[in-house]
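To keep things clear, I will list the structure first and then write my remarks on it.
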Amino acid sequence: MMQLIQDLLYLLALAVPAWLAARLLVPRQTRLQAVSDSLLLTVTLVSIPVFVACLLSRSYLSTGGILVASGLVTLIALFMHWRLRGDHSVYQRLFSFEQGCRWENGILAGALVVFAIFLVNYDRDHFQYGCINGVVMQSITVEAARPYDPHGGREPGTEEDNAPEHEDWGKPGVRDMSETMGLIDVHGTGQRLGTTAVIAPFVRLFGSFGFRLIYSLLPVLAFLYGIRLLLAIGVEVRLAIAASTLALINPYILKILILDENVMAFCFATAALAILVERGHAALAGIAFGAALGIRHIDLFFVPAALILIGRNYRASAAFLAAAVVAALPCMLHHYATYGNILAHEHFVDEVFQWFPHSLWGWEFNYSGLLNYPFHDTWIRTPYNPFPTLLYYPVNLVAHLGSVLIAVTLIGSTVLQKHRPLAWAMLAWIIPQFLLLGTLENWMDPNKMGVIIILFPLLILLLGLGLQWLFEGKLKRYLRISILVLLSLSLSAASWGAGLIATQDDPRFYIKYPNVRAERAEYLQSEVSSVTQGNLLPSMDLLQQYSSFEPSGRLTSLAADFLDRAFRRPAEVVEESNAPERLVSFDLSTPLIGRQDFARFEKGAPVIDTRAKNPPTQLNGLTAWDGLAARIRVARDSKHSVNLYLSFGKDGLADIYSQTHYSMEEKERPDLATQTTSGSEFTLLLQVGDHLTVFETVSMDEVLIYAWDIKVGADQLEIGRPRKMFHN
């Protein structure tokens, strides 16, 4: 009970100044506008200035500092309300509303449902202190490892820095307990600090539960502002609710089980767009945009769209830009102090900084990354990706959302033409951003396909307009339905046809990442088939791309997260099991992908006994397909859970641990036993009821790791479809 009371007080510390400020900026609001604007300020108004103050003072975020800032903002806002009260009381200023739409209470109830869905959807099992969460910890505790400088002290951009082996992140450095925060001027954070500014105060106040809380609040922001966006252009309220819901409750969004900067940027950009289309307070839109820009810098292309929507109101334009600068200040300060340029980008200075020559119509230049045609002489794709990025994005969208929903958006795009300023604004934002994203390769990491989510405000817009045409269009109903069916079938056919497109994998990638083994046809075929099913409806398979959907397990995880706020979770004591034993043999003579026979029951002696009484074991000396050197590591982490890690060639094992220094590192196993064998097969002793997860490393640099879930039954092995490890 005390924990619940404390949580409520901390929430009020963020929400009360937000409500006061929202009602101060826009005194005449509907209830929907007041709630959504207050939610926007709840996650920005106190959080961002406090984080900026900590950056400049090199101080770790503290609960006291956040509460003091909240108190100051509250007092100032109350004083302003009192000064401006006129003939009304302060209470009337704060709690009187304009007439809203007739479904307003239903919308607010729906927001609670969205919050609950994402609160349960968050999967603690996939949590790790990687790019996002690790930097959050660096901002709040000296126990977190300092950022690792990938340049090794060399000057970024120099010739000696331009070598593949220099893109080595090494191991985390342990801080001296007297060190200050120091995030303002360090290389190697691997993260845009706008993300940290939004998340870290919640984590400071709510412990590890803060990660789940902010993960659940931001989709509510997108839901409410998505509805406001559509209502502002005349979409009927029920259709606006449906469109905003579909843009959030779909496999593309729900499969992302932990905090993700693309989803965060989408939520803030939706808020900015809705406020501008409503002709609302430009500074409020600027705060939302600045937060999105600090999270995903490529959202800079939103600026011309915003200026088109604002029009010739130069005061509003100035207010929008000034507020955006303030909200994006954490990144700007870091860029200037670390790189000497506020327009620098962490990804291309600290993460993929090795140059490669490119050219465009005779102009030759070096670029830290791999660009596709026309900057390269041929059209290529990243190895292990089914298509070049420019094609992969639309094919992936159809695969996730289904051809019917995409058909609705295509219909909506024709209706958008009638809203001329908005249509021009969307073109100014979307086209350059999509073309830039479409030329970028070396994106093997699965979460990079999620970058397109930052453009999902357009999805809300087009879904709403498309649904409005389908239900209220001037054509006869049977013609509208016929057009939808024809478009849907055409998109499904195009999806199937895309599977016939063959593109050469990029040979430069293997130079940039020399540990990555050459792609084989089995991997390409698996990736192509996963996104060219031609499904009419959203894909349940892709919903479970990273984790199987088990509601009871998610609810248990939610309860555990709420009750235990500790950042470090002690390893589970592995109990002995009396379940019957089974020998399972694994065959590495051909790739595991696309097979169901790589594991089978066996007779004879096991190579590795995985029962609880035995230590984790590493087996070296195996030979896999194409003569690849292979090694495995197997460990029982709970009574019925066993993990098997596979590595081929020089790349590492995906046995990663992130609690010791709140950073990604290979797990330390002091009791690890080592064995050596030969051949392409090995046998494990498992027990009936075991859940074995097999992790196959393709690239640790780009974090492409396949995973299979295997359930050991008395008479059979249940081998699941290959999934991917989600990393962030």
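All residue names refer to the structure tokens as shown: chains lettered A, B, ... in order, residues numbered from 1 in each chain, ligands numbered from 1 in order.
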
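By only C-alpha atoms, and with residues fewer than 3 positions from region 432-445 of chain A along its chain excluded, the set lying at most 7 Å from it is Ile298, Phe301, Gly369, Leu370, Leu371, Asn372, Tyr373, Arg381, Thr382, Tyr384, Asn385, Thr389, Leu390, Trp429, Lys448, Phe509, Glu702, Val703 and Leu704 of chain A.
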
inquiry  = Using DSSP secondary structure from the backbone, list all strand (DSSP E or B) positions within region 184-428 of chain A, as a ChimeraX atom specification.
reply    = /A:355-360,363-368,371,381

Set the distance at 12 Å and use only C-alpha atoms: which residues neighbour Ile511 (chain A) once local chain neighbours fewer than 3 positions away are removed? I'd like the list as number ranges by chain. A: 163-165, 354-356, 369-370, 442, 506-508, 514-518

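CA of Val634 (chain A) to CA of Leu653 (chain A) spans 10.7 Å [interatomic distance, one decimal].
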
So that I can see what lies close to Phe387 (chain A), please list as a PyMOL selection string the residues with an atom at most 9 Å from it, counting only C-alpha atoms and leaving out residues fewer than 4 positions away in the same chain.
chain A and resi 380-382+391-393+395+498+501-503+505+528

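Proximity to Val326 (chain A) at 12 Å, evaluated using only C-alpha atoms and with sequence-adjacent residues fewer than 4 positions away removed, yields A:Thr44, A:Leu45, A:Ile48, A:Pro49, A:Phe51, A:Val52, A:Gly194, A:Ala283, A:Leu284, A:Gly286, A:Ile287, A:Ala288, A:Phe289, A:Gly290, A:Ala291, A:Leu293, A:Gly294, A:Ala319, A:Phe320, A:Leu321, A:Ala322, A:Pro330, A:Cys331, A:Met332, A:Leu333.
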
Notebook entry, point to check: Got a sec: who's within 12 Å of region 244-247 of chain A, counting only C-alpha atoms, leaving out chain neighbours fewer than 3 positions off, as a PyMOL selection string?
Noted result: chain A and resi 107+110-111+113-115+117+219-231+235+237-241+250-254+263+266-267+270+397+400-402+404-406+408-409+453-465+467+537-538

Kindly export the residues of the current selection with C-alpha atoms, as an mmCIF file, in the first residue's frame.
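Okay, part_24.cif is ready:
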data_model
loop_
_atom_site.group_PDB
_atom_site.id
_atom_site.type_symbol
_atom_site.label_atom_id
_atom_site.label_comp_id
_atom_site.auth_asym_id
_atom_site.auth_seq_id
_atom_site.Cartn_x
_atom_site.Cartn_y
_atom_site.Cartn_z
ATOM 1 C CA ILE A 107 -12.325 8.295 -25.852
ATOM 2 C CA GLY A 110 -10.402 4.040 -24.432
ATOM 3 C CA ALA A 111 -7.154 5.761 -23.439
ATOM 4 C CA VAL A 113 -7.661 0.575 -22.202
ATOM 5 C CA VAL A 114 -4.690 1.466 -24.430
ATOM 6 C CA PHE A 115 -2.604 2.137 -21.318
ATOM 7 C CA ILE A 117 -2.793 -3.089 -23.122
ATOM 8 C CA PRO A 219 0.997 5.148 -26.786
ATOM 9 C CA VAL A 220 -1.864 6.836 -24.909
ATOM 10 C CA LEU A 221 -0.401 10.132 -26.100
ATOM 11 C CA ALA A 222 -0.480 8.918 -29.721
ATOM 12 C CA PHE A 223 -4.003 7.523 -29.303
ATOM 13 C CA LEU A 224 -5.467 10.781 -27.987
ATOM 14 C CA TYR A 225 -3.641 13.082 -30.377
ATOM 15 C CA GLY A 226 -4.377 10.755 -33.300
ATOM 16 C CA ILE A 227 -8.080 11.208 -32.621
ATOM 17 C CA ARG A 228 -7.641 14.975 -32.286
ATOM 18 C CA LEU A 229 -5.784 15.049 -35.609
ATOM 19 C CA LEU A 230 -8.624 13.305 -37.422
ATOM 20 C CA LEU A 231 -11.383 15.282 -35.718
ATOM 21 C CA VAL A 235 -13.377 12.675 -39.732
ATOM 22 C CA VAL A 237 -15.485 10.527 -34.247
ATOM 23 C CA ARG A 238 -16.080 6.750 -34.314
ATOM 24 C CA LEU A 239 -13.913 6.404 -37.411
ATOM 25 C CA ALA A 240 -11.245 8.592 -35.799
ATOM 26 C CA ILE A 241 -11.211 6.283 -32.773
ATOM 27 C CA ASN A 250 -1.147 -3.818 -34.653
ATOM 28 C CA PRO A 251 1.786 -6.244 -35.030
ATOM 29 C CA TYR A 252 4.260 -3.551 -36.085
ATOM 30 C CA ILE A 253 3.841 -1.732 -32.757
ATOM 31 C CA LEU A 254 2.816 -4.508 -30.369
ATOM 32 C CA VAL A 263 7.672 4.322 -31.140
ATOM 33 C CA PHE A 266 5.995 8.484 -33.415
ATOM 34 C CA CYS A 267 3.990 9.376 -30.311
ATOM 35 C CA THR A 270 1.606 12.676 -33.645
ATOM 36 C CA LEU A 397 4.311 -2.835 -43.893
ATOM 37 C CA HIS A 400 2.601 -6.673 -40.754
ATOM 38 C CA LEU A 401 -0.624 -4.726 -41.255
ATOM 39 C CA GLY A 402 -2.211 -6.844 -43.974
ATOM 40 C CA VAL A 404 -6.715 -4.611 -46.366
ATOM 41 C CA LEU A 405 -5.409 -1.928 -43.979
ATOM 42 C CA ILE A 406 -2.800 -0.781 -46.485
ATOM 43 C CA VAL A 408 -7.500 1.689 -46.786
ATOM 44 C CA THR A 409 -4.440 3.962 -46.459
ATOM 45 C CA ILE A 453 7.341 3.853 -37.366
ATOM 46 C CA ILE A 454 8.373 7.485 -36.906
ATOM 47 C CA LEU A 455 6.168 8.199 -39.955
ATOM 48 C CA PHE A 456 3.100 6.511 -38.441
ATOM 49 C CA PRO A 457 1.309 9.838 -37.822
ATOM 50 C CA LEU A 458 0.703 9.626 -41.572
ATOM 51 C CA LEU A 459 -0.719 6.120 -41.065
ATOM 52 C CA ILE A 460 -3.276 7.512 -38.588
ATOM 53 C CA LEU A 461 -4.162 10.275 -41.021
ATOM 54 C CA LEU A 462 -4.592 8.017 -44.052
ATOM 55 C CA LEU A 463 -6.458 5.310 -42.142
ATOM 56 C CA GLY A 464 -8.920 7.906 -40.877
ATOM 57 C CA LEU A 465 -9.504 9.440 -44.300
ATOM 58 C CA LEU A 467 -12.271 4.757 -43.399
ATOM 59 C CA LEU A 537 -5.178 -9.204 -42.292
ATOM 60 C CA PRO A 538 -2.470 -8.267 -39.757
#

Region 217-334 of chain A near region 128-146 of chain A within 9 Å: what's each residue's closest atom pair and its distance in Å to one decimal, counting only C-alpha atoms, ordered by chain then ascending residue number, as a tab-separated table?
residue	atom	partner	partner_atom	distance
A:Leu259	CA	A:Ile132	CA	7.7
A:Asp260	CA	A:Ile132	CA	7.8
A:Glu261	CA	A:Ile132	CA	8.0

How about saving the chosen residues, N, CA and C atoms kept, as a PDB file, in the first residue's frame?
ATOM      1  N   LEU A 259      10.971  -0.457 -24.381  1.00  0.00           N
ATOM      2  CA  LEU A 259      11.042   0.912 -24.895  1.00  0.00           C
ATOM      3  C   LEU A 259      11.827   0.969 -26.199  1.00  0.00           C
ATOM      4  N   ASP A 260      11.308   1.733 -27.138  1.00  0.00           N
ATOM      5  CA  ASP A 260      11.902   1.827 -28.464  1.00  0.00           C
ATOM      6  C   ASP A 260      11.807   3.271 -28.925  1.00  0.00           C
ATOM      7  N   GLU A 261      12.922   3.822 -29.410  1.00  0.00           N
ATOM      8  CA  GLU A 261      12.943   5.234 -29.777  1.00  0.00           C
ATOM      9  C   GLU A 261      12.047   5.546 -30.972  1.00  0.00           C
TER      10      GLU A 261
END

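Across A:Met2, A:Ala15, A:Ile632, A:Ile256, the tightest approach to His727 (chain A) is made by A:Ile256 when counting only C-alpha atoms.
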